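Listing of query37.cif, mmCIF, C-alpha atoms and all ligand atoms
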data_run
loop_
_atom_site.label_atom_id
_atom_site.label_comp_id
_atom_site.auth_asym_id
_atom_site.auth_seq_id
_atom_site.Cartn_x
_atom_site.Cartn_y
_atom_site.Cartn_z
CA MET A 16 45.91 -21.04 -25.08
CA ALA A 17 44.81 -18.13 -27.20
CA PHE A 18 41.39 -19.75 -27.34
CA ILE A 19 41.11 -19.92 -23.55
CA LEU A 20 42.23 -16.34 -23.17
CA LYS A 21 39.68 -15.21 -25.66
CA ARG A 22 36.96 -17.14 -23.92
CA ASN A 23 37.92 -15.72 -20.56
CA LYS A 24 37.91 -12.25 -21.94
CA LYS A 25 34.45 -12.85 -23.22
CA SER A 26 33.08 -14.14 -19.93
CA TYR A 27 34.86 -11.31 -18.16
CA SER A 28 33.02 -8.77 -20.32
CA LEU A 29 29.82 -10.65 -19.76
CA THR A 30 30.31 -10.52 -15.98
CA ILE A 31 30.94 -6.79 -16.13
CA PHE A 32 27.94 -6.34 -18.35
CA ILE A 33 25.64 -8.27 -15.96
CA PHE A 34 27.07 -6.36 -13.03
CA CYS A 35 26.40 -3.01 -14.70
CA VAL A 36 22.85 -3.96 -15.61
CA SER A 37 22.09 -5.15 -12.07
CA PHE A 38 23.60 -2.00 -10.64
CA PHE A 39 21.55 0.14 -12.98
CA LEU A 40 18.32 -1.67 -12.15
CA LEU A 41 19.02 -1.35 -8.44
CA LEU A 42 19.69 2.37 -8.90
CA ILE A 43 16.39 2.86 -10.72
CA LYS A 44 14.51 0.92 -8.05
CA ASN A 45 16.02 3.06 -5.30
CA LEU A 46 15.40 6.29 -7.14
CA MET A 47 11.78 5.46 -7.81
CA GLY A 48 11.28 4.07 -4.33
CA ASP A 49 8.04 2.47 -3.33
CA ASP A 50 5.33 4.99 -2.65
CA GLY A 51 2.64 4.75 -0.02
CA LYS A 52 -0.05 4.10 -2.57
CA ASN A 53 1.79 1.08 -3.96
CA ILE A 54 2.36 -0.31 -0.50
CA PHE A 55 -1.31 0.20 0.35
CA MET A 56 -2.37 -1.87 -2.65
CA ARG A 57 0.40 -4.43 -2.35
CA GLU A 58 -0.41 -5.13 1.31
CA ASN A 59 -4.04 -5.77 0.43
CA CYS A 60 -5.42 -2.88 2.46
CA THR A 61 -7.89 -2.60 -0.44
CA LYS A 62 -9.60 -5.73 0.86
CA CYS A 63 -11.30 -3.48 3.41
CA HIS A 64 -10.39 0.06 2.37
CA SER A 65 -10.43 2.47 -0.55
CA ILE A 66 -8.91 5.91 -1.13
CA LYS A 67 -11.24 7.59 -3.58
CA ALA A 68 -9.31 10.88 -3.54
CA GLU A 69 -6.31 8.95 -4.87
CA GLY A 70 -8.28 6.71 -7.21
CA VAL A 71 -7.55 3.61 -5.14
CA GLU A 72 -10.46 1.23 -5.59
CA PRO A 73 -11.50 -1.45 -3.12
CA GLN A 74 -11.13 -5.04 -4.29
CA LYS A 75 -14.02 -6.28 -6.41
CA GLU A 76 -14.40 -9.47 -4.34
CA SER A 77 -14.98 -7.41 -1.22
CA LEU A 78 -17.67 -5.35 -2.95
CA LEU A 79 -19.30 -8.49 -4.29
CA LYS A 80 -19.33 -10.02 -0.82
CA GLY A 81 -20.95 -6.85 0.51
CA LYS A 82 -18.02 -6.23 2.85
CA LYS A 83 -18.04 -2.86 4.60
CA ILE A 84 -15.42 -0.64 2.96
CA ILE A 85 -13.87 2.24 4.90
CA ASP A 86 -12.47 5.02 2.71
CA HIS A 87 -9.24 6.72 3.80
CA SER A 88 -9.39 9.86 1.63
CA GLY A 89 -9.60 12.03 4.74
CA VAL A 90 -7.85 9.85 7.32
CA GLY A 91 -5.07 12.45 7.79
CA ILE A 92 -7.60 14.89 9.23
CA ARG A 93 -7.94 12.67 12.30
CA ARG A 94 -4.73 10.64 12.44
CA ASP A 95 -1.05 11.44 12.24
CA SER A 96 1.75 9.18 11.03
CA GLU A 97 2.78 8.11 14.56
CA TRP A 98 -0.76 7.05 15.45
CA ILE A 99 -1.23 5.14 12.22
CA GLN A 100 2.01 3.19 12.69
CA LYS A 101 1.06 2.14 16.23
CA TRP A 102 -2.49 1.37 15.12
CA LEU A 103 -1.32 -0.86 12.28
CA LYS A 104 1.01 -2.74 14.64
CA LYS A 105 -2.00 -3.23 16.95
CA GLU A 106 -0.24 -1.42 19.78
CA ILE A 107 -3.11 1.00 20.43
CA GLU A 108 -6.89 1.08 20.53
CA ASN A 109 -9.16 3.65 18.95
CA GLU A 110 -11.86 5.66 20.74
CA LYS A 111 -14.21 2.69 20.55
CA GLY A 112 -11.73 0.53 22.46
CA ARG A 113 -10.97 -1.53 19.40
CA LYS A 114 -7.68 -2.53 17.83
CA HIS A 115 -7.11 -2.87 14.09
CA LYS A 116 -8.46 -5.95 12.37
CA VAL A 117 -5.15 -7.06 10.93
CA LYS A 118 -1.59 -6.78 12.21
CA TRP A 119 1.10 -5.23 10.02
CA LYS A 120 3.30 -7.93 8.51
CA GLY A 121 5.62 -5.84 6.33
CA ASN A 122 8.85 -4.09 7.30
CA ASN A 123 9.26 -0.85 9.27
CA GLU A 124 10.50 1.13 6.29
CA ASP A 125 7.32 0.43 4.33
CA LEU A 126 5.16 1.05 7.40
CA LYS A 127 6.67 4.52 7.77
CA ILE A 128 6.17 5.39 4.09
CA LEU A 129 2.60 4.08 4.22
CA ALA A 130 1.72 5.96 7.43
CA GLU A 131 3.27 9.16 6.09
CA PHE A 132 1.23 8.84 2.91
CA LEU A 133 -2.03 8.19 4.80
CA SER A 134 -1.48 11.02 7.28
CA ASN A 135 -1.29 13.45 4.36
CA LEU A 136 -4.69 12.46 2.98
CA ARG A 137 -7.11 15.22 3.95
CA ARG A 138 -9.96 15.19 1.49
CA GLU A 139 -12.95 13.55 3.14
CA ILE A 140 -15.46 12.14 0.63
CA PRO A 141 -19.16 12.33 1.61
CA GLU A 142 -20.76 8.99 2.47
CA ASP A 143 -23.36 9.13 -0.33
CA GLU A 144 -20.70 9.82 -2.92
CA LEU A 145 -18.73 6.79 -1.71
CA LYS A 146 -21.83 4.60 -1.81
CA LYS A 147 -22.52 5.64 -5.37
CA TRP A 148 -18.88 4.99 -6.35
CA TYR A 149 -18.90 1.49 -4.85
CA GLN A 150 -22.21 0.78 -6.59
CA ASP A 151 -20.80 1.96 -9.94
CA LEU A 152 -17.70 -0.21 -9.49
CA LEU A 153 -19.91 -3.16 -8.66
CA ASN A 154 -22.10 -2.58 -11.71
CA SER A 155 -19.15 -2.23 -14.06
CA SER A 156 -17.67 -5.50 -12.81
CA ARG A 157 -20.77 -7.55 -13.47
C1 LIG B 201 -9.93 -7.28 7.14
C2 LIG B 201 -10.25 -5.89 6.94
C3 LIG B 201 -9.15 -4.87 7.01
C4 LIG B 201 -7.94 -4.86 6.36
C5 LIG B 201 -7.35 -5.91 5.43
C6 LIG B 201 -7.31 -3.60 6.70
N1 LIG B 201 -8.12 -2.88 7.54
FE1 LIG B 201 -7.77 -1.00 8.22
N2 LIG B 201 -9.53 -1.06 9.28
C7 LIG B 201 -10.45 -2.08 9.22
C8 LIG B 201 -11.60 -1.74 10.04
C9 LIG B 201 -12.84 -2.59 10.24
C10 LIG B 201 -11.32 -0.46 10.61
C11 LIG B 201 -12.19 0.34 11.57
C12 LIG B 201 -11.89 -0.08 12.97
C13 LIG B 201 -12.78 0.56 14.00
O1 LIG B 201 -13.41 1.58 13.70
O2 LIG B 201 -12.82 0.07 15.11
C14 LIG B 201 -10.01 -0.07 10.10
C15 LIG B 201 -9.38 1.11 10.40
C16 LIG B 201 -8.20 1.55 9.84
C17 LIG B 201 -7.58 2.84 10.13
C18 LIG B 201 -8.06 3.88 11.13
C19 LIG B 201 -9.02 4.82 10.50
C20 LIG B 201 -9.53 5.83 11.51
O3 LIG B 201 -9.91 6.90 11.09
O4 LIG B 201 -9.55 5.53 12.71
C21 LIG B 201 -6.46 2.91 9.35
C22 LIG B 201 -5.46 4.05 9.28
C23 LIG B 201 -6.38 1.67 8.58
N3 LIG B 201 -7.45 0.88 8.91
C24 LIG B 201 -5.39 1.39 7.68
C25 LIG B 201 -5.23 0.15 7.08
C26 LIG B 201 -4.09 -0.20 6.25
C27 LIG B 201 -2.95 0.73 5.91
C28 LIG B 201 -4.26 -1.49 5.88
C29 LIG B 201 -3.32 -2.35 5.07
C30 LIG B 201 -2.03 -2.56 5.62
C31 LIG B 201 -5.54 -1.94 6.44
N4 LIG B 201 -6.07 -0.92 7.17
C32 LIG B 201 -6.06 -3.21 6.24
C33 LIG B 201 -10.34 -3.25 8.51
C34 LIG B 201 -9.26 -3.62 7.74
#
Here is a file; write its structure as C-alpha cells.
Amino acid sequence: MAFILKRNKKSYSLTIFIFCVSFFLLLIKNLMGDDGKNIFMRENCTKCHSIKAEGVEPQKESLLKGKKIIDHSGVGIRRDSEWIQKWLKKEIENEKGRKHKVKWKGNNEDLKILAEFLSNLRREIPEDELKKWYQDLLNSSR
C-alpha cells in the first residue's frame, strides 16, 4: 500500500512538472510571438521575393533558376496593410489588372502580422543594387 502511494505521489509530481514545463513553453511562445519576417520566410515568400532592407534573402534555387525576384524593401511606400491582405487572398487586382501569383494558405492572424510588417517597409533599394546583391548571393552559393 505504502509502495502504491509512493508511486502515485511520484507520478503526481511528474504530471505537475510536465504541466508546468508545457505552460512555461506556451508562455514563452506567446510572449515572443511570430513576427512578420518569420512568417514571410516560413510561407516561402522568398521563392519569389526578397527584403534586402531586412536582410531577407531570396531562395538560392530561385536565383539559380534565374527566376525574377521582386524585392519588398519599399513595398510600404505603395501599399497599406489592408491592400496587402486582400492582395494576398487574391481578392483584388493591381494596376496592371493582375492578381497575385499564389493564394494565401495560412491563417488570418499570421496574414495580419505579415501585412502589417510589409506595410511598414519603406526603404526602396535601387534596381542595380539589388541586381548586384542577387549576383553576389549566386556567386557565393556556387
Ligand atoms: C510564385 C512566385 C510568388 C510567390 C511564392 C509569392 N509572390 Fe508575391 N508577387 C509575385 C509576383 C510575380 C508579383 C508581381 C505581380 C504583378 O506585378 O502583377 C508579386 C507581388 C507581390 C506584392 C505586391 C507588390 C506591389 O508593390 O504591388 C506583395 C505585397 C507580395 N507579392 C507579397 C507576397 C508574400 C507576402 C508572399 C508569401 C506569402 C508572396 N508574395 C509569395 C510572385 C510571388
Using 9 Å as the limit and counting only C-alpha atoms and all ligand atoms, can you tabulate each residue of chain A that touches ligand LIG 201 (chain B), with its shortest atom-to-atom distance in Å and the two atoms involved, as a tab-separated table?
residue	atom	partner	partner_atom	distance
A:Ile54	CA	B:LIG201	C30	7.9
A:Phe55	CA	B:LIG201	C29	5.7
A:Met56	CA	B:LIG201	C29	7.8
A:Arg57	CA	B:LIG201	C30	8.5
A:Glu58	CA	B:LIG201	C30	5.3
A:Asn59	CA	B:LIG201	C29	5.8
A:Cys60	CA	B:LIG201	C29	3.4
A:Thr61	CA	B:LIG201	C5	6.8
A:Lys62	CA	B:LIG201	C5	5.1
A:Cys63	CA	B:LIG201	C2	4.4
A:His64	CA	B:LIG201	N1	6.4
A:Lys82	CA	B:LIG201	C2	8.8
A:Lys83	CA	B:LIG201	C9	7.7
A:Ile84	CA	B:LIG201	C33	8.0
A:Ile85	CA	B:LIG201	C10	6.8
A:Asp86	CA	B:LIG201	C19	8.5
A:His87	CA	B:LIG201	C19	7.0
A:Gly89	CA	B:LIG201	O3	8.2
A:Val90	CA	B:LIG201	O3	5.2
A:Gly91	CA	B:LIG201	O3	8.1
A:Ile92	CA	B:LIG201	O3	8.5
A:Arg93	CA	B:LIG201	O3	6.2
A:Arg94	CA	B:LIG201	O3	6.5
A:Trp98	CA	B:LIG201	C22	8.3
A:Ile99	CA	B:LIG201	C22	5.3
A:Gln100	CA	B:LIG201	C22	8.3
A:Trp102	CA	B:LIG201	C22	7.1
A:Leu103	CA	B:LIG201	C24	6.5
A:Glu108	CA	B:LIG201	O2	8.1
A:Asn109	CA	B:LIG201	O2	6.4
A:Glu110	CA	B:LIG201	O2	8.0
A:Lys111	CA	B:LIG201	O2	6.2
A:Gly112	CA	B:LIG201	O2	7.4
A:Arg113	CA	B:LIG201	O2	4.9
A:Lys114	CA	B:LIG201	O2	6.4
A:His115	CA	B:LIG201	C12	5.6
A:Lys116	CA	B:LIG201	C33	5.1
A:Val117	CA	B:LIG201	C4	5.8
A:Lys118	CA	B:LIG201	C30	7.8
A:Trp119	CA	B:LIG201	C30	6.0
A:Lys120	CA	B:LIG201	C30	8.1
A:Gly121	CA	B:LIG201	C30	8.4
A:Leu126	CA	B:LIG201	C30	8.2
A:Leu129	CA	B:LIG201	C27	6.7
A:Ala130	CA	B:LIG201	C27	7.2
A:Leu133	CA	B:LIG201	C22	7.0
A:Ser134	CA	B:LIG201	C22	8.3
Using all atoms listed in the file, the residue out of A:Asp95, A:Glu144, A:Glu106, A:Glu131 with shortest distance to Lys52 in chain A is A:Glu131
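With CA of Lys147 in chain A on one side and CA of Pro73 in chain A on the other, the separation reads 13.3 Å.
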Atoms are missing here; could range 108-138 of chain A be completed with N, CA and C atoms and written as an mmCIF file, in the frame of the given file?
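Result file is out-v5.cif:
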data_model
loop_
_atom_site.group_PDB
_atom_site.id
_atom_site.type_symbol
_atom_site.label_atom_id
_atom_site.label_comp_id
_atom_site.auth_asym_id
_atom_site.auth_seq_id
_atom_site.Cartn_x
_atom_site.Cartn_y
_atom_site.Cartn_z
ATOM 1 N N GLU A 108 -5.471 1.227 20.839
ATOM 2 C CA GLU A 108 -6.890 1.080 20.530
ATOM 3 C C GLU A 108 -7.413 2.426 20.036
ATOM 4 N N ASN A 109 -8.526 2.381 19.323
ATOM 5 C CA ASN A 109 -9.160 3.650 18.950
ATOM 6 C C ASN A 109 -10.156 4.069 20.028
ATOM 7 N N GLU A 110 -10.929 5.106 19.745
ATOM 8 C CA GLU A 110 -11.860 5.660 20.740
ATOM 9 C C GLU A 110 -12.932 4.645 21.131
ATOM 10 N N LYS A 111 -13.178 3.689 20.245
ATOM 11 C CA LYS A 111 -14.210 2.690 20.550
ATOM 12 C C LYS A 111 -13.628 1.502 21.306
ATOM 13 N N GLY A 112 -12.369 1.608 21.710
ATOM 14 C CA GLY A 112 -11.730 0.530 22.460
ATOM 15 C C GLY A 112 -11.392 -0.670 21.594
ATOM 16 N N ARG A 113 -11.275 -0.417 20.302
ATOM 17 C CA ARG A 113 -10.970 -1.530 19.400
ATOM 18 C C ARG A 113 -9.572 -1.380 18.811
ATOM 19 N N LYS A 114 -8.962 -2.542 18.533
ATOM 20 C CA LYS A 114 -7.680 -2.530 17.830
ATOM 21 C C LYS A 114 -7.933 -2.841 16.362
ATOM 22 N N HIS A 115 -6.937 -2.626 15.525
ATOM 23 C CA HIS A 115 -7.110 -2.870 14.090
ATOM 24 C C HIS A 115 -7.389 -4.341 13.823
ATOM 25 N N LYS A 116 -8.073 -4.586 12.742
ATOM 26 C CA LYS A 116 -8.460 -5.950 12.370
ATOM 27 C C LYS A 116 -7.257 -6.833 12.068
ATOM 28 N N VAL A 117 -6.295 -6.255 11.349
ATOM 29 C CA VAL A 117 -5.150 -7.060 10.930
ATOM 30 C C VAL A 117 -3.852 -6.435 11.445
ATOM 31 N N LYS A 118 -2.876 -7.291 11.724
ATOM 32 C CA LYS A 118 -1.590 -6.780 12.210
ATOM 33 C C LYS A 118 -0.633 -6.625 11.042
ATOM 34 N N TRP A 119 0.126 -5.518 11.069
ATOM 35 C CA TRP A 119 1.100 -5.230 10.020
ATOM 36 C C TRP A 119 2.135 -6.343 9.912
ATOM 37 N N LYS A 120 2.346 -6.830 8.685
ATOM 38 C CA LYS A 120 3.300 -7.930 8.510
ATOM 39 C C LYS A 120 4.534 -7.499 7.727
ATOM 40 N N GLY A 121 4.496 -6.292 7.147
ATOM 41 C CA GLY A 121 5.620 -5.840 6.330
ATOM 42 C C GLY A 121 6.760 -5.293 7.187
ATOM 43 N N ASN A 122 7.723 -4.637 6.545
ATOM 44 C CA ASN A 122 8.850 -4.090 7.300
ATOM 45 C C ASN A 122 8.578 -2.655 7.765
ATOM 46 N N ASN A 123 9.457 -2.165 8.644
ATOM 47 C CA ASN A 123 9.260 -0.850 9.270
ATOM 48 C C ASN A 123 9.369 0.290 8.273
ATOM 49 N N GLU A 124 10.285 0.111 7.317
ATOM 50 C CA GLU A 124 10.500 1.130 6.290
ATOM 51 C C GLU A 124 9.190 1.396 5.541
ATOM 52 N N ASP A 125 8.575 0.318 5.075
ATOM 53 C CA ASP A 125 7.320 0.430 4.330
ATOM 54 C C ASP A 125 6.210 0.999 5.210
ATOM 55 N N LEU A 126 6.196 0.584 6.476
ATOM 56 C CA LEU A 126 5.160 1.050 7.400
ATOM 57 C C LEU A 126 5.232 2.578 7.535
ATOM 58 N N LYS A 127 6.461 3.071 7.645
ATOM 59 C CA LYS A 127 6.670 4.520 7.770
ATOM 60 C C LYS A 127 6.168 5.252 6.530
ATOM 61 N N ILE A 128 6.569 4.751 5.354
ATOM 62 C CA ILE A 128 6.170 5.390 4.090
ATOM 63 C C ILE A 128 4.637 5.377 3.970
ATOM 64 N N LEU A 129 4.057 4.234 4.309
ATOM 65 C CA LEU A 129 2.600 4.080 4.220
ATOM 66 C C LEU A 129 1.882 5.046 5.171
ATOM 67 N N ALA A 130 2.354 5.112 6.420
ATOM 68 C CA ALA A 130 1.720 5.960 7.430
ATOM 69 C C ALA A 130 1.858 7.442 7.063
ATOM 70 N N GLU A 131 3.026 7.777 6.519
ATOM 71 C CA GLU A 131 3.270 9.160 6.090
ATOM 72 C C GLU A 131 2.286 9.534 4.991
ATOM 73 N N PHE A 132 2.153 8.638 4.040
ATOM 74 C CA PHE A 132 1.230 8.840 2.910
ATOM 75 C C PHE A 132 -0.209 9.021 3.424
ATOM 76 N N LEU A 133 -0.651 8.125 4.292
ATOM 77 C CA LEU A 133 -2.030 8.190 4.800
ATOM 78 C C LEU A 133 -2.279 9.464 5.602
ATOM 79 N N SER A 134 -1.285 9.854 6.409
ATOM 80 C CA SER A 134 -1.480 11.020 7.280
ATOM 81 C C SER A 134 -1.582 12.318 6.480
ATOM 82 N N ASN A 135 -1.185 12.258 5.212
ATOM 83 C CA ASN A 135 -1.290 13.450 4.360
ATOM 84 C C ASN A 135 -2.569 13.482 3.528
ATOM 85 N N LEU A 136 -3.427 12.488 3.724
ATOM 86 C CA LEU A 136 -4.690 12.460 2.980
ATOM 87 C C LEU A 136 -5.732 13.269 3.769
ATOM 88 N N ARG A 137 -6.190 14.370 3.190
ATOM 89 C CA ARG A 137 -7.110 15.220 3.950
ATOM 90 C C ARG A 137 -8.276 15.700 3.100
ATOM 91 N N ARG A 138 -8.825 14.792 2.318
ATOM 92 C CA ARG A 138 -9.960 15.190 1.490
ATOM 93 C C ARG A 138 -11.112 14.209 1.702
#
